[in-house]
file upload_2.cif (mmCIF, C-alpha atoms)
data_data
#
loop_
_atom_site.label_atom_id
_atom_site.label_comp_id
_atom_site.auth_asym_id
_atom_site.auth_seq_id
_atom_site.Cartn_x
_atom_site.Cartn_y
_atom_site.Cartn_z
CA MET A 972 169.00 112.64 7.79
CA ARG A 973 167.96 111.76 11.34
CA HIS A 974 168.19 108.59 13.42
CA PHE A 975 166.04 107.55 16.40
CA LEU A 976 168.44 105.60 18.60
CA GLN A 977 167.28 106.93 21.96
CA LEU A 978 164.54 109.26 23.08
CA ARG A 979 166.77 112.30 23.54
CA ASP A 980 167.64 112.24 19.83
CA PHE A 981 164.48 114.34 19.39
CA SER A 982 163.39 117.58 21.04
CA ALA A 983 160.23 118.08 23.09
CA GLU A 984 158.77 120.08 20.21
CA GLU A 985 159.45 117.22 17.80
CA PHE A 986 157.63 114.83 20.11
CA GLU A 987 154.64 117.16 20.18
CA HIS A 988 154.63 116.99 16.39
CA LEU A 989 154.82 113.17 16.50
CA PHE A 990 151.91 113.01 18.96
CA ARG A 991 149.79 115.19 16.64
CA ARG A 992 150.67 113.06 13.65
CA THR A 993 150.03 109.83 15.58
CA ARG A 994 146.54 111.05 16.43
CA ALA A 995 145.82 112.07 12.83
CA ILE A 996 147.21 108.86 11.31
CA LYS A 997 145.31 106.73 13.82
CA GLU A 998 142.03 108.56 13.10
CA GLN A 999 142.49 108.00 9.37
CA PHE A 1000 143.18 104.31 9.96
CA LYS A 1001 140.12 103.91 12.20
CA ASN A 1002 137.94 105.57 9.55
CA TYR A 1003 139.28 103.37 6.73
CA ILE A 1004 140.88 106.33 4.99
CA ALA A 1005 143.89 105.14 3.00
CA TYR A 1006 147.10 107.07 3.64
CA ARG A 1007 150.08 105.83 1.62
CA PRO A 1008 152.82 108.47 1.58
CA LEU A 1009 155.61 105.87 1.58
CA THR A 1010 154.72 104.08 -1.67
CA ASP A 1011 157.74 102.21 -3.05
CA ARG A 1012 159.74 102.81 0.14
CA MET A 1013 161.41 99.80 1.78
CA LEU A 1014 161.95 99.11 5.48
CA ALA A 1015 164.62 96.60 6.55
CA MET A 1016 164.05 95.06 9.99
CA VAL A 1017 167.12 93.49 11.59
CA PHE A 1018 166.42 91.18 14.53
CA GLU A 1019 169.04 89.87 16.91
CA LYS A 1020 166.39 89.64 19.65
CA SER A 1021 163.06 87.90 19.14
CA SER A 1022 159.92 90.01 18.90
CA THR A 1023 156.15 90.02 18.56
CA ARG A 1024 154.91 93.59 18.93
CA THR A 1025 157.93 95.22 17.31
CA ARG A 1026 157.83 93.07 14.19
CA VAL A 1027 154.07 93.18 13.71
CA SER A 1028 153.75 96.92 14.36
CA PHE A 1029 156.60 97.90 12.02
CA GLU A 1030 155.68 95.46 9.26
CA ALA A 1031 151.98 96.31 9.35
CA GLY A 1032 152.74 100.01 9.72
CA MET A 1033 155.02 100.17 6.69
CA PHE A 1034 152.45 98.29 4.61
CA GLN A 1035 149.66 100.64 5.70
CA LEU A 1036 151.80 103.62 4.68
CA GLY A 1037 152.18 102.13 1.20
CA GLY A 1038 155.66 100.67 1.56
CA ALA A 1039 157.11 97.22 2.01
CA SER A 1040 159.43 95.55 4.50
CA ILE A 1041 162.01 92.80 4.69
CA VAL A 1042 163.02 90.85 7.80
CA LEU A 1043 166.66 89.96 8.46
CA THR A 1044 167.83 87.77 11.33
CA MET A 1045 171.36 87.02 12.49
CA GLY A 1046 171.18 83.42 11.30
CA GLU A 1047 170.00 84.41 7.83
CA THR A 1048 172.62 87.05 7.12
CA GLN A 1049 176.38 87.37 7.02
CA LEU A 1050 176.17 89.06 10.43
CA GLY A 1051 175.91 85.58 11.86
CA ARG A 1052 179.17 84.65 10.13
CA GLY A 1053 181.15 87.58 11.42
CA GLU A 1054 180.70 90.29 8.78
CA PRO A 1055 181.40 93.67 10.43
CA ILE A 1056 178.28 95.62 11.33
CA GLU A 1057 179.77 98.64 9.56
CA ASP A 1058 179.95 96.75 6.26
CA VAL A 1059 176.40 95.48 6.65
CA ALA A 1060 175.22 99.05 7.21
CA ARG A 1061 177.05 100.31 4.12
CA VAL A 1062 175.41 97.64 1.94
CA VAL A 1063 171.89 97.44 3.36
CA SER A 1064 171.45 101.21 3.48
CA ARG A 1065 172.10 101.37 -0.29
CA MET A 1066 169.18 99.01 -0.93
CA VAL A 1067 166.45 100.21 1.45
CA ASP A 1068 165.05 103.54 2.63
CA ILE A 1069 164.94 103.04 6.40
CA VAL A 1070 166.21 100.45 8.89
CA MET A 1071 164.88 99.23 12.24
CA ILE A 1072 167.21 97.18 14.46
CA ARG A 1073 166.34 95.15 17.56
CA THR A 1074 169.53 93.97 19.22
CA PHE A 1075 171.46 93.68 22.49
CA GLU A 1076 174.18 96.31 22.85
CA GLN A 1077 173.41 99.96 22.15
CA GLY A 1078 176.85 100.20 20.60
CA ILE A 1079 175.80 97.86 17.78
CA ILE A 1080 172.99 100.12 16.59
CA GLU A 1081 175.15 103.21 16.99
CA ARG A 1082 177.88 101.68 14.83
CA PHE A 1083 175.30 100.71 12.21
CA ALA A 1084 173.81 104.22 12.17
CA ALA A 1085 177.26 105.81 11.86
CA HIS A 1086 177.75 104.02 8.53
CA SER A 1087 174.17 104.11 7.23
CA ARG A 1088 172.96 106.26 4.35
CA VAL A 1089 169.35 106.05 5.60
CA PRO A 1090 167.55 106.67 8.93
CA VAL A 1091 167.98 104.01 11.59
CA ILE A 1092 165.40 103.28 14.33
CA ASN A 1093 166.12 101.56 17.63
CA GLY A 1094 163.53 98.77 17.97
CA LEU A 1095 165.06 97.81 21.34
CA THR A 1096 168.50 97.45 22.89
CA ASP A 1097 169.65 96.50 26.37
CA GLU A 1098 169.90 100.19 27.23
CA TYR A 1099 166.89 101.84 25.58
CA HIS A 1100 163.44 101.15 24.13
CA PRO A 1101 162.44 104.52 22.63
CA CYS A 1102 159.65 103.30 20.33
CA GLN A 1103 157.81 101.74 23.26
CA VAL A 1104 158.01 104.83 25.45
CA LEU A 1105 156.98 107.00 22.48
CA ALA A 1106 153.81 104.90 22.22
CA ASP A 1107 153.34 104.86 26.00
CA ILE A 1108 153.47 108.63 26.32
CA TYR A 1109 151.14 109.05 23.36
CA THR A 1110 148.73 106.65 25.09
CA PHE A 1111 148.82 108.78 28.23
CA VAL A 1112 148.24 111.95 26.18
CA GLU A 1113 145.36 110.25 24.39
CA HIS A 1114 143.65 109.39 27.68
CA ARG A 1115 144.71 112.18 30.06
CA GLY A 1116 146.19 115.05 28.05
CA PRO A 1117 149.75 116.46 28.31
CA ILE A 1118 152.16 114.53 30.52
CA THR A 1119 154.08 117.66 31.52
CA GLY A 1120 153.87 118.17 35.30
CA LYS A 1121 152.52 114.66 35.95
CA THR A 1122 154.07 111.85 38.00
CA VAL A 1123 154.97 108.46 36.55
CA ALA A 1124 155.82 105.57 38.89
CA TRP A 1125 158.20 102.97 37.52
CA ILE A 1126 158.00 99.79 39.60
CA GLY A 1127 160.66 97.13 39.06
CA ASP A 1128 163.96 96.59 37.34
CA SER A 1129 165.99 99.62 36.25
CA ASN A 1130 166.17 98.27 32.70
CA ASN A 1131 166.01 99.75 29.20
CA MET A 1132 162.41 100.89 29.74
CA CYS A 1133 163.32 102.66 32.97
CA ASN A 1134 166.30 104.34 31.28
CA THR A 1135 164.06 105.60 28.49
CA TRP A 1136 161.36 106.85 30.87
CA LEU A 1137 164.09 108.81 32.64
CA GLN A 1138 165.08 110.50 29.39
CA ALA A 1139 161.42 111.30 28.77
CA ALA A 1140 160.96 112.85 32.22
CA THR A 1141 163.77 115.35 31.75
CA LEU A 1142 162.80 116.08 28.15
CA LEU A 1143 159.03 116.45 28.57
CA GLY A 1144 158.95 117.90 32.08
CA PHE A 1145 157.35 115.30 34.33
CA LYS A 1146 158.49 113.44 37.45
CA LEU A 1147 159.61 109.82 37.44
CA ASN A 1148 159.42 107.83 40.68
CA VAL A 1149 161.61 104.73 40.40
CA ALA A 1150 161.17 101.86 42.87
CA SER A 1151 163.58 98.93 42.61
CA PRO A 1152 164.86 96.32 45.08
CA ALA A 1153 168.38 96.45 46.43
CA GLY A 1154 170.87 95.44 43.79
CA TYR A 1155 168.65 96.42 40.89
CA GLU A 1156 168.54 100.19 41.35
CA LEU A 1157 169.04 102.81 38.68
CA GLU A 1158 172.72 103.21 37.84
CA PRO A 1159 174.16 106.20 39.75
CA ALA A 1160 175.62 107.68 36.57
CA ARG A 1161 172.15 107.87 34.99
CA ALA A 1162 170.69 109.64 38.03
CA ALA A 1163 173.61 112.04 38.46
CA GLY A 1164 172.67 115.68 38.09
CA ILE A 1165 168.96 115.09 37.52
CA GLU A 1166 166.78 117.36 39.63
CA ARG A 1167 164.34 115.87 42.11
CA SER A 1168 161.51 117.47 40.16
CA HIS A 1169 162.27 114.88 37.45
CA LEU A 1170 163.51 111.87 39.41
CA GLU A 1171 163.04 110.36 42.87
CA LEU A 1172 164.32 106.93 43.92
CA PHE A 1173 162.43 104.62 46.28
CA GLY A 1174 162.98 101.28 47.96
CA ASP A 1175 159.27 101.03 48.80
CA PRO A 1176 157.12 100.57 45.67
CA HIS A 1177 153.94 101.70 47.46
CA ALA A 1178 155.63 105.00 48.32
CA ALA A 1179 156.69 105.42 44.69
CA ALA A 1180 153.13 104.83 43.49
CA ARG A 1181 151.61 107.30 45.95
CA GLY A 1182 149.88 110.09 44.04
CA ALA A 1183 151.13 108.90 40.64
CA ASP A 1184 149.18 109.64 37.47
CA LEU A 1185 150.62 106.58 35.75
CA VAL A 1186 151.99 103.33 37.18
CA THR A 1187 154.06 101.21 34.83
CA THR A 1188 156.25 98.13 35.04
CA ASP A 1189 157.96 95.41 33.01
CA VAL A 1190 158.98 91.78 33.42
CA TRP A 1191 161.43 91.11 36.20
CA THR A 1192 163.82 89.25 33.88
CA SER A 1193 164.59 90.86 30.52
CA MET A 1194 165.83 88.94 27.48
CA GLY A 1195 169.41 87.87 27.95
CA TRP A 1196 169.16 87.63 31.75
CA GLU A 1197 167.22 84.37 32.01
CA VAL A 1198 169.95 82.77 34.14
CA GLU A 1199 168.94 85.19 36.92
CA THR A 1200 165.22 84.34 36.83
CA ASP A 1201 164.98 82.56 40.20
CA ALA A 1202 167.10 85.15 42.03
CA ARG A 1203 165.07 87.96 40.53
CA LYS A 1204 161.77 86.38 41.56
CA ASP A 1205 162.98 86.41 45.15
CA ALA A 1206 164.34 89.96 44.97
CA PHE A 1207 161.23 91.41 43.30
CA ALA A 1208 158.62 89.52 45.34
CA ALA A 1209 157.35 92.71 47.03
CA PHE A 1210 157.23 94.66 43.75
CA THR A 1211 154.12 93.17 42.17
CA VAL A 1212 151.78 95.92 40.98
CA ASP A 1213 148.49 94.84 42.54
CA ALA A 1214 145.23 96.52 43.51
CA GLU A 1215 146.66 97.68 46.83
CA MET A 1216 149.58 99.39 45.11
CA MET A 1217 147.31 101.00 42.51
CA SER A 1218 145.12 102.34 45.33
CA ALA A 1219 148.09 104.45 46.46
CA ALA A 1220 148.10 106.22 43.08
CA ARG A 1221 145.57 108.81 41.98
CA LYS A 1222 142.03 107.51 41.54
CA ASP A 1223 142.23 108.16 37.80
CA ALA A 1224 145.76 106.75 37.45
CA LEU A 1225 146.49 104.58 34.43
CA PHE A 1226 148.42 101.32 34.41
CA MET A 1227 150.79 100.37 31.58
CA HIS A 1228 153.01 97.43 30.73
CA CYS A 1229 155.05 97.06 27.53
CA LEU A 1230 154.17 93.32 27.34
CA PRO A 1231 154.53 90.40 27.36
CA ALA A 1232 153.31 90.27 30.96
CA HIS A 1233 153.54 87.55 33.60
CA ARG A 1234 150.33 87.72 35.60
CA GLY A 1235 151.05 87.11 39.26
CA GLU A 1236 154.66 88.27 39.01
CA GLU A 1237 155.31 91.91 38.08
CA VAL A 1238 151.56 92.61 37.86
CA SER A 1239 148.44 90.94 39.18
CA ALA A 1240 145.79 89.71 36.75
CA GLU A 1241 143.32 92.01 38.51
CA VAL A 1242 145.34 95.08 37.55
CA LEU A 1243 146.44 93.98 34.08
CA ASP A 1244 142.88 93.19 33.06
CA GLY A 1245 141.27 95.90 35.18
CA ALA A 1246 139.60 99.22 34.44
CA GLN A 1247 142.75 101.31 34.96
CA SER A 1248 144.82 99.24 32.55
CA VAL A 1249 145.41 100.62 29.06
CA VAL A 1250 147.90 97.94 28.01
CA TRP A 1251 145.99 96.88 24.90
CA GLU A 1252 145.58 100.46 23.65
CA GLU A 1253 149.25 100.97 24.51
CA ALA A 1254 150.21 97.95 22.39
CA GLU A 1255 148.08 99.14 19.45
CA ASN A 1256 149.60 102.60 19.64
CA ARG A 1257 153.01 101.15 18.81
CA LEU A 1258 151.59 100.76 15.30
CA HIS A 1259 150.38 104.32 14.92
CA ALA A 1260 153.25 106.06 16.73
CA GLN A 1261 155.81 104.22 14.62
CA LYS A 1262 153.96 105.17 11.44
CA ALA A 1263 154.25 108.81 12.52
CA LEU A 1264 157.93 108.23 13.30
CA MET A 1265 158.72 106.68 9.92
CA GLU A 1266 156.78 109.43 8.15
CA TYR A 1267 158.84 112.06 9.99
CA LEU A 1268 162.20 110.39 9.36
CA LEU A 1269 161.53 109.91 5.65
CA LEU A 1270 159.40 112.92 4.72
CA GLY A 1271 160.09 115.49 7.41
CA ARG A 1272 157.22 117.49 8.86
CA VAL A 1273 153.84 116.64 7.37
CA GLU A 1274 151.09 118.96 8.53
CA PRO A 1275 147.34 118.29 8.16
#
call {"tool": "encode", "arguments": {"input": "upload_2.cif", "output": "structure tokens"}}
result
Amino acid sequence: MRHFLQLRDFSAEEFEHLFRRTRAIKEQFKNYIAYRPLTDRMLAMVFEKSSTRTRVSFEAGMFQLGGASIVLTMGETQLGRGEPIEDVARVVSRMVDIVMIRTFEQGIIERFAAHSRVPVINGLTDEYHPCQVLADIYTFVEHRGPITGKTVAWIGDSNNMCNTWLQAATLLGFKLNVASPAGYELEPARAAGIERSHLELFGDPHAAARGADLVTTDVWTSMGWEVETDARKDAFAAFTVDAEMMSAARKDALFMHCLPAHRGEEVSAEVLDGAQSVVWEEAENRLHAQKALMEYLLLGRVEP
């Protein structure tokens, strides 16, 4: 049994397999070819944080694979009344086949997984967002081929997305340029020991974007940090990904954003809706990449 709690839980070779399966599953879906290998399997989705893309992509994906899903929120379960997460894991994992959790602390999902009898997927925590970066990298591969040897520019807060991109850079062999304002830089412990061929830190976002094959960003204020919204708007004012910043990247560079986006803040409307943006394909690919992920966790390697 395997869990997917952070990107480095899988090897580079396993990600290559997932990318192949994502492509195959997506092609079948686009050609209206039914593929239901998970008939009678049940997915439990546990939400402590609100969601649009995560819920829709997992629920629709499980249905398309022939299975069913159930949604659990903190207020609707005994979790909201103090039942230990370990006990919830012991019970729920006896009734379903796979669990996705979207919560705050990484420790919560790790404790759940440690007591689960079925695979557990990280739908998002404060530290990591592996399903999103899985879909993002597949989207790059779909448009530009292998990401190995490329340069990705992360512009903005050193949040869970940034942490996950850093894991991807070391695992899949590309360079990550991280540009963040003072006070919001990547934690030194995360950057420690990582070679410059995989990570370079910048205070100037235009310098980070220079020559990049992919420019990506996220909202300036993540869920749970809303009290800092005004201070963050001031700190990140020079970090808007606009046409001028994109012009520093390669001419064929792609732009990504995990959404939801605030036009005029972390990205200009011109870039988000422009020709280099693949945000809508990126959002759709959450569906297909997660289908490949659930297939792998429940059935192992499926080859064409």
call {"tool": "resolve_selection", "arguments": {"input": "upload_2.cif", "expression": "the PyMOL selection byres ((chain A and resi 1084-1101) around 8)", "output": "PyMOL selection string"}}
result
chain A and resi 972-978+1025+1057-1058+1060-1061+1064-1065+1067-1077+1080-1083+1102-1105+1130-1132+1134-1135+1268-1269
call {"tool": "closest_atom_pairs", "arguments": {"input": "upload_2.cif", "of": "range 1073-1165 of chain A", "to": "range 1205-1226 of chain A", "cutoff": "7 Å", "atoms": "only C-alpha atoms", "output": "JSON lines"}}
result
{"residue": "A:Ile1126", "atom": "CA", "partner": "A:Phe1210", "partner_atom": "CA", "distance": 6.6}
{"residue": "A:Gly1127", "atom": "CA", "partner": "A:Phe1210", "partner_atom": "CA", "distance": 6.3}
{"residue": "A:Pro1152", "atom": "CA", "partner": "A:Phe1207", "partner_atom": "CA", "distance": 6.4}
call {"tool": "closest_residue", "arguments": {"input": "upload_2.cif", "among": "A:Gly1032, A:Gly1053, A:Pro1117, A:Pro1159", "to": "Phe990 in chain A", "atoms": "only C-alpha atoms"}}
result
A:Pro1117
call {"tool": "closest_residue", "arguments": {"input": "upload_2.cif", "among": "A:Asp980, A:Glu987, A:Asp1107, A:Asp1201", "to": "Thr1187 in chain A", "atoms": "all atoms listed in the file"}}
result
A:Asp1107
call {"tool": "atom_distance", "arguments": {"input": "upload_2.cif", "atom1": "CA of Phe1029 in chain A", "atom2": "CA of Thr993 in chain A"}}
result
14.1 Å
call {"tool": "closest_residue", "arguments": {"input": "upload_2.cif", "among": "A:Val1112, A:Leu1043, A:Val1063, A:Leu1014", "to": "Glu1030 in chain A", "atoms": "only C-alpha atoms"}}
result
A:Leu1014
call {"tool": "build_atoms", "arguments": {"input": "upload_2.cif", "residues": "range 1149-1167 of chain A", "atoms": "N, CA and C atoms", "output": "PDB file, in the frame of the given file"}}
result
ATOM      1  N   VAL A1149     161.080 106.050  40.721  1.00  0.00           N
ATOM      2  CA  VAL A1149     161.610 104.730  40.400  1.00  0.00           C
ATOM      3  C   VAL A1149     161.751 103.919  41.681  1.00  0.00           C
ATOM      4  N   ALA A1150     161.078 102.762  41.721  1.00  0.00           N
ATOM      5  CA  ALA A1150     161.170 101.860  42.870  1.00  0.00           C
ATOM      6  C   ALA A1150     161.755 100.530  42.412  1.00  0.00           C
ATOM      7  N   SER A1151     162.910 100.184  42.962  1.00  0.00           N
ATOM      8  CA  SER A1151     163.580  98.930  42.610  1.00  0.00           C
ATOM      9  C   SER A1151     164.153  98.303  43.873  1.00  0.00           C
ATOM     10  N   PRO A1152     164.242  96.972  43.913  1.00  0.00           N
ATOM     11  CA  PRO A1152     164.860  96.320  45.080  1.00  0.00           C
ATOM     12  C   PRO A1152     166.358  96.531  45.109  1.00  0.00           C
ATOM     13  N   ALA A1153     166.932  96.309  46.263  1.00  0.00           N
ATOM     14  CA  ALA A1153     168.380  96.450  46.430  1.00  0.00           C
ATOM     15  C   ALA A1153     169.120  95.573  45.433  1.00  0.00           C
ATOM     16  N   GLY A1154     170.092  96.161  44.784  1.00  0.00           N
ATOM     17  CA  GLY A1154     170.870  95.440  43.790  1.00  0.00           C
ATOM     18  C   GLY A1154     170.391  95.628  42.375  1.00  0.00           C
ATOM     19  N   TYR A1155     169.222  96.220  42.222  1.00  0.00           N
ATOM     20  CA  TYR A1155     168.650  96.420  40.890  1.00  0.00           C
ATOM     21  C   TYR A1155     168.256  97.880  40.668  1.00  0.00           C
ATOM     22  N   GLU A1156     168.886  98.779  41.425  1.00  0.00           N
ATOM     23  CA  GLU A1156     168.540 100.190  41.350  1.00  0.00           C
ATOM     24  C   GLU A1156     169.076 100.830  40.071  1.00  0.00           C
ATOM     25  N   LEU A1157     168.564 102.019  39.804  1.00  0.00           N
ATOM     26  CA  LEU A1157     169.040 102.810  38.680  1.00  0.00           C
ATOM     27  C   LEU A1157     170.532 103.091  38.847  1.00  0.00           C
ATOM     28  N   GLU A1158     171.279 102.969  37.782  1.00  0.00           N
ATOM     29  CA  GLU A1158     172.720 103.210  37.840  1.00  0.00           C
ATOM     30  C   GLU A1158     172.982 104.652  38.287  1.00  0.00           C
ATOM     31  N   PRO A1159     173.887 104.844  39.247  1.00  0.00           N
ATOM     32  CA  PRO A1159     174.160 106.200  39.750  1.00  0.00           C
ATOM     33  C   PRO A1159     174.512 107.200  38.657  1.00  0.00           C
ATOM     34  N   ALA A1160     175.228 106.758  37.643  1.00  0.00           N
ATOM     35  CA  ALA A1160     175.620 107.680  36.570  1.00  0.00           C
ATOM     36  C   ALA A1160     174.419 108.211  35.815  1.00  0.00           C
ATOM     37  N   ARG A1161     173.348 107.414  35.699  1.00  0.00           N
ATOM     38  CA  ARG A1161     172.150 107.870  34.990  1.00  0.00           C
ATOM     39  C   ARG A1161     171.365 108.879  35.827  1.00  0.00           C
ATOM     40  N   ALA A1162     171.434 108.736  37.147  1.00  0.00           N
ATOM     41  CA  ALA A1162     170.690 109.640  38.030  1.00  0.00           C
ATOM     42  C   ALA A1162     171.463 110.906  38.360  1.00  0.00           C
ATOM     43  N   ALA A1163     172.760 110.909  38.083  1.00  0.00           N
ATOM     44  CA  ALA A1163     173.610 112.040  38.460  1.00  0.00           C
ATOM     45  C   ALA A1163     173.157 113.327  37.792  1.00  0.00           C
ATOM     46  N   GLY A1164     172.983 114.363  38.612  1.00  0.00           N
ATOM     47  CA  GLY A1164     172.670 115.680  38.090  1.00  0.00           C
ATOM     48  C   GLY A1164     171.229 115.919  37.718  1.00  0.00           C
ATOM     49  N   ILE A1165     170.374 114.921  37.869  1.00  0.00           N
ATOM     50  CA  ILE A1165     168.960 115.090  37.520  1.00  0.00           C
ATOM     51  C   ILE A1165     168.216 115.639  38.738  1.00  0.00           C
ATOM     52  N   GLU A1166     167.481 116.703  38.533  1.00  0.00           N
ATOM     53  CA  GLU A1166     166.780 117.360  39.630  1.00  0.00           C
ATOM     54  C   GLU A1166     165.672 116.467  40.193  1.00  0.00           C
ATOM     55  N   ARG A1167     165.364 116.679  41.468  1.00  0.00           N
ATOM     56  CA  ARG A1167     164.340 115.870  42.110  1.00  0.00           C
ATOM     57  C   ARG A1167     162.964 116.104  41.504  1.00  0.00           C
TER      58      ARG A1167
END
